[in-house]
file model.cif (mmCIF, C-alpha atoms and all ligand atoms)
data_target
#
loop_
_atom_site.label_atom_id
_atom_site.label_comp_id
_atom_site.auth_asym_id
_atom_site.auth_seq_id
_atom_site.Cartn_x
_atom_site.Cartn_y
_atom_site.Cartn_z
CA MET X 267 1.68 -5.54 95.41
CA ALA X 268 0.10 -2.69 97.37
CA GLU X 269 -0.20 -2.95 101.11
CA THR X 270 -3.61 -3.64 102.64
CA VAL X 271 -4.89 -0.73 104.71
CA ARG X 272 -7.68 -0.73 107.29
CA PHE X 273 -9.97 2.28 107.59
CA GLY X 274 -13.10 3.16 109.52
CA VAL X 275 -16.37 4.13 107.86
CA SER X 276 -19.26 6.01 109.46
CA ILE X 277 -22.57 4.73 108.15
CA ASP X 278 -26.16 4.82 109.38
CA GLU X 279 -27.56 1.58 110.73
CA GLU X 280 -30.28 1.15 108.09
CA LEU X 281 -27.81 1.48 105.25
CA LEU X 282 -25.45 -0.97 106.93
CA ASP X 283 -28.31 -3.46 107.42
CA ALA X 284 -29.19 -3.18 103.74
CA PHE X 285 -25.52 -3.63 102.83
CA ASP X 286 -25.25 -6.71 105.06
CA ARG X 287 -28.29 -8.23 103.34
CA LEU X 288 -26.64 -7.57 99.98
CA VAL X 289 -23.37 -9.08 101.17
CA ASP X 290 -25.31 -12.16 102.26
CA ASP X 291 -27.44 -12.37 99.09
CA LEU X 292 -24.38 -12.16 96.87
CA GLY X 293 -22.56 -14.78 98.92
CA TYR X 294 -19.62 -12.71 100.14
CA GLU X 295 -17.88 -14.02 103.23
CA THR X 296 -17.00 -10.58 104.56
CA ARG X 297 -18.11 -6.96 104.22
CA SER X 298 -14.56 -6.05 103.21
CA GLU X 299 -14.66 -8.38 100.24
CA ALA X 300 -17.99 -6.94 99.10
CA LEU X 301 -16.84 -3.37 99.59
CA ARG X 302 -13.66 -3.97 97.57
CA ASP X 303 -15.74 -5.34 94.68
CA LEU X 304 -18.11 -2.36 94.85
CA ILE X 305 -15.17 0.02 94.67
CA ARG X 306 -13.63 -1.90 91.75
CA GLU X 307 -16.95 -1.90 89.90
CA ARG X 308 -17.35 1.85 90.36
CA LEU X 309 -13.76 2.54 89.31
CA SER X 310 -14.19 0.39 86.22
CA ARG X 311 -17.41 2.25 85.34
CA GLN X 312 -15.63 5.57 85.83
CA GLU X 313 -12.93 4.37 83.45
CA THR X 314 -15.35 3.17 80.75
CA GLU X 315 -17.23 6.47 80.93
CA ARG X 316 -14.09 8.27 79.78
CA GLY X 317 -14.50 8.20 76.02
CA ASN X 318 -10.93 7.42 74.98
CA ALA X 319 -10.37 4.78 77.66
CA SER X 320 -9.24 1.39 76.40
CA CYS X 321 -12.06 -1.05 77.09
CA VAL X 322 -13.20 -4.57 76.51
CA GLY X 323 -16.83 -5.52 76.28
CA VAL X 324 -19.54 -7.86 75.15
CA LEU X 325 -22.47 -6.80 73.03
CA CYS X 326 -25.45 -9.18 73.09
CA TYR X 327 -28.54 -8.98 70.97
CA VAL X 328 -31.36 -11.13 69.67
CA TYR X 329 -32.82 -10.82 66.21
CA ASP X 330 -35.08 -12.57 63.76
CA HIS X 331 -32.90 -13.78 60.91
CA ASP X 332 -35.92 -13.80 58.59
CA ALA X 333 -36.35 -10.04 59.00
CA HIS X 334 -35.49 -8.44 55.70
CA ASP X 335 -31.74 -7.99 55.21
CA LEU X 336 -31.14 -7.77 58.99
CA ALA X 337 -28.49 -10.50 59.32
CA HIS X 338 -26.63 -8.98 56.39
CA ARG X 339 -26.74 -5.44 57.81
CA VAL X 340 -25.49 -6.58 61.21
CA MET X 341 -22.63 -8.52 59.60
CA HIS X 342 -21.77 -5.48 57.49
CA LEU X 343 -21.51 -3.33 60.66
CA GLN X 344 -19.26 -5.93 62.32
CA HIS X 345 -16.94 -5.82 59.30
CA GLU X 346 -16.90 -2.03 59.38
CA TYR X 347 -15.56 -2.30 62.95
CA CYS X 348 -13.24 -5.26 62.32
CA ASP X 349 -10.47 -3.64 64.41
CA GLU X 350 -12.82 -3.62 67.43
CA VAL X 351 -14.62 -6.95 66.91
CA VAL X 352 -12.51 -9.67 68.52
CA SER X 353 -14.95 -12.54 68.09
CA ALA X 354 -18.65 -13.20 67.57
CA LEU X 355 -20.72 -16.12 68.80
CA HIS X 356 -23.95 -16.95 66.97
CA VAL X 357 -26.60 -19.15 68.57
CA HIS X 358 -29.74 -20.32 66.74
CA LEU X 359 -32.35 -19.96 69.51
CA ASP X 360 -35.29 -21.40 67.58
CA ALA X 361 -36.59 -21.55 64.01
CA HIS X 362 -36.38 -17.75 63.61
CA ASN X 363 -34.47 -16.09 66.44
CA CYS X 364 -30.72 -15.80 66.77
CA LEU X 365 -28.57 -14.60 69.65
CA GLU X 366 -25.22 -13.00 68.97
CA ALA X 367 -22.57 -12.22 71.60
CA VAL X 368 -19.83 -10.04 70.15
CA VAL X 369 -16.59 -9.56 72.08
CA LEU X 370 -15.18 -6.08 71.55
CA ARG X 371 -11.94 -4.30 72.36
CA GLY X 372 -11.10 -0.66 71.78
CA LYS X 373 -11.90 2.91 72.77
CA ALA X 374 -15.09 3.23 74.81
CA THR X 375 -16.59 5.73 72.36
CA ASP X 376 -15.99 3.42 69.37
CA LEU X 377 -17.50 0.42 71.15
CA GLN X 378 -20.52 2.47 72.24
CA LYS X 379 -20.92 3.77 68.69
CA LEU X 380 -20.91 0.27 67.20
CA ALA X 381 -23.28 -0.99 69.91
CA GLY X 382 -25.60 1.94 69.23
CA GLN X 383 -25.61 1.30 65.49
CA ILE X 384 -26.39 -2.39 65.93
CA THR X 385 -28.96 -2.12 68.71
CA THR X 386 -30.90 0.67 67.01
CA THR X 387 -31.09 -1.27 63.75
CA ARG X 388 -34.75 -2.04 63.13
CA GLY X 389 -35.58 -5.61 64.12
CA ILE X 390 -32.83 -6.00 66.72
CA GLN X 391 -34.30 -6.99 70.10
CA HIS X 392 -32.74 -6.93 73.57
CA GLY X 393 -29.48 -5.27 72.60
CA GLN X 394 -27.13 -4.72 75.53
CA LEU X 395 -23.49 -3.67 75.85
CA VAL X 396 -21.41 -4.50 78.92
CA LEU X 397 -18.12 -2.63 79.10
CA THR X 398 -15.24 -3.16 81.45
CA THR X 399 -11.53 -2.50 81.70
CA THR X 400 -8.52 -4.58 82.53
CA ARG X 401 -7.77 -2.20 85.39
CA ALA X 402 -9.02 -2.48 89.00
CA LYS X 403 -7.86 -6.08 89.23
CA LYS X 404 -8.87 -8.45 92.00
CA ARG X 405 -6.12 -9.73 94.19
NI NI X 501 -29.12 -18.21 63.70
#

call {"tool": "encode", "arguments": {"input": "model.cif", "output": "structure tokens"}}
result
Amino acid sequence: MAETVRFGVSIDEELLDAFDRLVDDLGYETRSEALRDLIRERLSRQETERGNASCVGVLCYVYDHDAHDLAHRVMHLQHEYCDEVVSALHVHLDAHNCLEAVVLRGKATDLQKLAGQITTTRGIQHGQLVLTTTRAKKR
């Protein structure tokens, strides 16, 4: 395990006040804890922005299952990417609308491509992909 290092940061007072409010709002006990999470988040984003990085993610979207052929087209896309689709959760929200949360694993570019194909399919609402990596672990 890497050694913990202390370092000083120069920061203007207004920015530090805003940071302290954020630390408080998010429920962190210390600035250090919040800063470490910010760094991890940024590192993870950097990693997922590299196209061939190995990523995991969740794609969520809502759609009307009565819309012509939509459920079938979405399922077809998931099968096309069966190496990347780990699991899919389907929730019947009401008489017409369905929510799907699809867990994905693979190269960032492939996951973004699948997400793009699903979320731009006509009739899909609120499509959103969240990508992360298994790097930048908390300790
Ligand atoms: Ni449904």

call {"tool": "residues_near_ligand", "arguments": {"input": "model.cif", "ligand": "ligand NI 501 (chain X)", "cutoff": "9 Å", "atoms": "only C-alpha atoms and all ligand atoms", "output": "list in words"}}
result
Tyr329, Asp330, His331, Ala337, His356, Val357, His358, Leu359, Asp360, Ala361, His362, Asn363, Cys364, Leu365 and Glu366 of chain X

call {"tool": "atom_distance", "arguments": {"input": "model.cif", "atom1": "CA of Thr314 (chain X)", "atom2": "CA of Glu299 (chain X)"}}
result
22.7 Å

call {"tool": "atom_distance", "arguments": {"input": "model.cif", "atom1": "CA of Asp286 (chain X)", "atom2": "CA of Leu397 (chain X)"}}
result
27.2 Å

call {"tool": "residues_near_point", "arguments": {"input": "model.cif", "point": "(-20.1, 0.0, 72.3)", "cutoff": "12 Å", "atoms": "only C-alpha atoms", "output": "PyMOL selection string"}}
result
chain X and resi 314-315+317+320-326+344+347+350-351+368-385+393-398

call {"tool": "atom_distance", "arguments": {"input": "model.cif", "atom1": "CA of Val271 (chain X)", "atom2": "CA of Ser310 (chain X)"}}
result
20.7 Å

call {"tool": "residues_around", "arguments": {"input": "model.cif", "residues": "Arg297 (chain X)", "least_positions_apart": "2", "cutoff": "12 Å", "atoms": "only C-alpha atoms", "output": "PyMOL selection string"}}
result
chain X and resi 275+282-295+299-304

call {"tool": "closest_residue", "arguments": {"input": "model.cif", "among": "X:Ala268, X:His342, X:Val352, X:Leu336", "to": "Gly389 (chain X)", "atoms": "all atoms listed in the file"}}
result
X:Leu336

call {"tool": "decode", "arguments": {"input": "model.cif", "residues": "region 321-366 of chain X", "atoms": "N, CA and C atoms", "output": "mmCIF file, in the first residue's frame"}}
result
data_model
loop_
_atom_site.group_PDB
_atom_site.id
_atom_site.type_symbol
_atom_site.label_atom_id
_atom_site.label_comp_id
_atom_site.auth_asym_id
_atom_site.auth_seq_id
_atom_site.Cartn_x
_atom_site.Cartn_y
_atom_site.Cartn_z
ATOM 1 N N CYS X 321 -13.288 -0.450 -19.349
ATOM 2 C CA CYS X 321 -14.232 0.256 -18.482
ATOM 3 C C CYS X 321 -15.385 -0.631 -18.066
ATOM 4 N N VAL X 322 -16.063 -0.183 -17.030
ATOM 5 C CA VAL X 322 -17.351 -0.753 -16.670
ATOM 6 C C VAL X 322 -18.334 0.411 -16.634
ATOM 7 N N GLY X 323 -19.599 0.116 -16.846
ATOM 8 C CA GLY X 323 -20.550 1.210 -16.868
ATOM 9 C C GLY X 323 -21.979 0.737 -16.750
ATOM 10 N N VAL X 324 -22.848 1.718 -16.591
ATOM 11 C CA VAL X 324 -24.283 1.438 -16.561
ATOM 12 C C VAL X 324 -24.961 2.392 -17.538
ATOM 13 N N LEU X 325 -25.757 1.807 -18.397
ATOM 14 C CA LEU X 325 -26.551 2.602 -19.331
ATOM 15 C C LEU X 325 -28.007 2.512 -18.886
ATOM 16 N N CYS X 326 -28.629 3.670 -18.646
ATOM 17 C CA CYS X 326 -30.029 3.711 -18.223
ATOM 18 C C CYS X 326 -30.851 4.421 -19.275
ATOM 19 N N TYR X 327 -32.008 3.936 -19.512
ATOM 20 C CA TYR X 327 -32.912 4.639 -20.427
ATOM 21 C C TYR X 327 -34.349 4.245 -20.129
ATOM 22 N N VAL X 328 -35.252 5.135 -20.547
ATOM 23 C CA VAL X 328 -36.684 4.917 -20.380
ATOM 24 C C VAL X 328 -37.290 4.883 -21.776
ATOM 25 N N TYR X 329 -38.213 3.984 -21.993
ATOM 26 C CA TYR X 329 -38.895 3.963 -23.285
ATOM 27 C C TYR X 329 -40.316 3.445 -23.141
ATOM 28 N N ASP X 330 -41.095 3.757 -24.161
ATOM 29 C CA ASP X 330 -42.488 3.320 -24.208
ATOM 30 C C ASP X 330 -42.525 1.991 -24.949
ATOM 31 N N HIS X 331 -42.872 0.936 -24.267
ATOM 32 C CA HIS X 331 -42.801 -0.382 -24.917
ATOM 33 C C HIS X 331 -43.861 -0.573 -25.994
ATOM 34 N N ASP X 332 -44.839 0.362 -26.047
ATOM 35 C CA ASP X 332 -45.852 0.292 -27.101
ATOM 36 C C ASP X 332 -45.372 0.923 -28.403
ATOM 37 N N ALA X 333 -44.277 1.719 -28.306
ATOM 38 C CA ALA X 333 -43.761 2.367 -29.514
ATOM 39 C C ALA X 333 -43.343 1.275 -30.500
ATOM 40 N N HIS X 334 -43.682 1.474 -31.717
ATOM 41 C CA HIS X 334 -43.524 0.446 -32.745
ATOM 42 C C HIS X 334 -42.122 -0.173 -32.769
ATOM 43 N N ASP X 335 -42.044 -1.457 -32.482
ATOM 44 C CA ASP X 335 -40.817 -2.235 -32.665
ATOM 45 C C ASP X 335 -39.653 -1.825 -31.747
ATOM 46 N N LEU X 336 -39.879 -0.840 -30.863
ATOM 47 C CA LEU X 336 -38.772 -0.282 -30.084
ATOM 48 C C LEU X 336 -38.128 -1.315 -29.156
ATOM 49 N N ALA X 337 -38.935 -2.024 -28.381
ATOM 50 C CA ALA X 337 -38.400 -3.019 -27.443
ATOM 51 C C ALA X 337 -37.575 -4.062 -28.193
ATOM 52 N N HIS X 338 -38.044 -4.440 -29.354
ATOM 53 C CA HIS X 338 -37.359 -5.439 -30.172
ATOM 54 C C HIS X 338 -36.023 -4.893 -30.688
ATOM 55 N N ARG X 339 -36.020 -3.653 -31.138
ATOM 56 C CA ARG X 339 -34.774 -3.054 -31.665
ATOM 57 C C ARG X 339 -33.717 -2.907 -30.578
ATOM 58 N N VAL X 340 -34.157 -2.499 -29.388
ATOM 59 C CA VAL X 340 -33.218 -2.341 -28.268
ATOM 60 C C VAL X 340 -32.636 -3.698 -27.877
ATOM 61 N N MET X 341 -33.473 -4.710 -27.825
ATOM 62 C CA MET X 341 -33.012 -6.065 -27.484
ATOM 63 C C MET X 341 -32.023 -6.563 -28.538
ATOM 64 N N HIS X 342 -32.315 -6.268 -29.791
ATOM 65 C CA HIS X 342 -31.441 -6.675 -30.890
ATOM 66 C C HIS X 342 -30.044 -6.049 -30.714
ATOM 67 N N LEU X 343 -30.006 -4.756 -30.349
ATOM 68 C CA LEU X 343 -28.728 -4.074 -30.128
ATOM 69 C C LEU X 343 -27.966 -4.711 -28.971
ATOM 70 N N GLN X 344 -28.693 -5.046 -27.892
ATOM 71 C CA GLN X 344 -28.029 -5.684 -26.745
ATOM 72 C C GLN X 344 -27.416 -7.022 -27.155
ATOM 73 N N HIS X 345 -28.089 -7.756 -28.006
ATOM 74 C CA HIS X 345 -27.541 -9.044 -28.463
ATOM 75 C C HIS X 345 -26.320 -8.840 -29.351
ATOM 76 N N GLU X 346 -26.363 -7.783 -30.149
ATOM 77 C CA GLU X 346 -25.234 -7.477 -31.028
ATOM 78 C C GLU X 346 -23.968 -7.223 -30.201
ATOM 79 N N TYR X 347 -24.158 -6.671 -29.002
ATOM 80 C CA TYR X 347 -23.038 -6.360 -28.107
ATOM 81 C C TYR X 347 -23.020 -7.326 -26.920
ATOM 82 N N CYS X 348 -23.295 -8.593 -27.163
ATOM 83 C CA CYS X 348 -23.422 -9.539 -26.035
ATOM 84 C C CYS X 348 -22.109 -9.716 -25.269
ATOM 85 N N ASP X 349 -20.957 -9.435 -25.913
ATOM 86 C CA ASP X 349 -19.687 -9.519 -25.176
ATOM 87 C C ASP X 349 -19.556 -8.379 -24.163
ATOM 88 N N GLU X 350 -20.205 -7.264 -24.431
ATOM 89 C CA GLU X 350 -20.119 -6.087 -23.547
ATOM 90 C C GLU X 350 -21.255 -6.035 -22.524
ATOM 91 N N VAL X 351 -22.416 -6.590 -22.869
ATOM 92 C CA VAL X 351 -23.563 -6.527 -21.955
ATOM 93 C C VAL X 351 -23.421 -7.610 -20.889
ATOM 94 N N VAL X 352 -23.227 -7.183 -19.649
ATOM 95 C CA VAL X 352 -23.064 -8.121 -18.538
ATOM 96 C C VAL X 352 -24.436 -8.558 -18.023
ATOM 97 N N SER X 353 -25.322 -7.590 -17.869
ATOM 98 C CA SER X 353 -26.641 -7.877 -17.321
ATOM 99 C C SER X 353 -27.578 -6.713 -17.632
ATOM 100 N N ALA X 354 -28.857 -6.989 -17.688
ATOM 101 C CA ALA X 354 -29.831 -5.920 -17.937
ATOM 102 C C ALA X 354 -31.009 -6.078 -16.984
ATOM 103 N N LEU X 355 -31.393 -4.969 -16.400
ATOM 104 C CA LEU X 355 -32.528 -4.954 -15.467
ATOM 105 C C LEU X 355 -33.672 -4.202 -16.142
ATOM 106 N N HIS X 356 -34.837 -4.802 -16.163
ATOM 107 C CA HIS X 356 -36.001 -4.178 -16.784
ATOM 108 C C HIS X 356 -37.042 -3.896 -15.707
ATOM 109 N N VAL X 357 -37.515 -2.661 -15.649
ATOM 110 C CA VAL X 357 -38.532 -2.296 -14.661
ATOM 111 C C VAL X 357 -39.741 -1.721 -15.388
ATOM 112 N N HIS X 358 -40.927 -2.252 -15.129
ATOM 113 C CA HIS X 358 -42.151 -1.722 -15.725
ATOM 114 C C HIS X 358 -42.584 -0.532 -14.869
ATOM 115 N N LEU X 359 -42.402 0.684 -15.370
ATOM 116 C CA LEU X 359 -42.675 1.881 -14.563
ATOM 117 C C LEU X 359 -44.170 2.157 -14.422
ATOM 118 N N ASP X 360 -44.892 1.979 -15.502
ATOM 119 C CA ASP X 360 -46.350 2.158 -15.475
ATOM 120 C C ASP X 360 -46.918 1.340 -16.636
ATOM 121 N N ALA X 361 -48.118 1.654 -17.061
ATOM 122 C CA ALA X 361 -48.761 0.838 -18.099
ATOM 123 C C ALA X 361 -47.980 0.838 -19.417
ATOM 124 N N HIS X 362 -47.214 1.904 -19.672
ATOM 125 C CA HIS X 362 -46.530 2.003 -20.969
ATOM 126 C C HIS X 362 -45.014 2.100 -20.886
ATOM 127 N N ASN X 363 -44.520 2.770 -19.841
ATOM 128 C CA ASN X 363 -43.085 3.080 -19.789
ATOM 129 C C ASN X 363 -42.260 2.026 -19.062
ATOM 130 N N CYS X 364 -41.091 1.779 -19.613
ATOM 131 C CA CYS X 364 -40.154 0.821 -19.035
ATOM 132 C C CYS X 364 -38.813 1.515 -18.800
ATOM 133 N N LEU X 365 -38.154 1.112 -17.730
ATOM 134 C CA LEU X 365 -36.791 1.566 -17.452
ATOM 135 C C LEU X 365 -35.877 0.360 -17.627
ATOM 136 N N GLU X 366 -34.774 0.561 -18.318
ATOM 137 C CA GLU X 366 -33.766 -0.487 -18.378
ATOM 138 C C GLU X 366 -32.442 0.060 -17.886
#
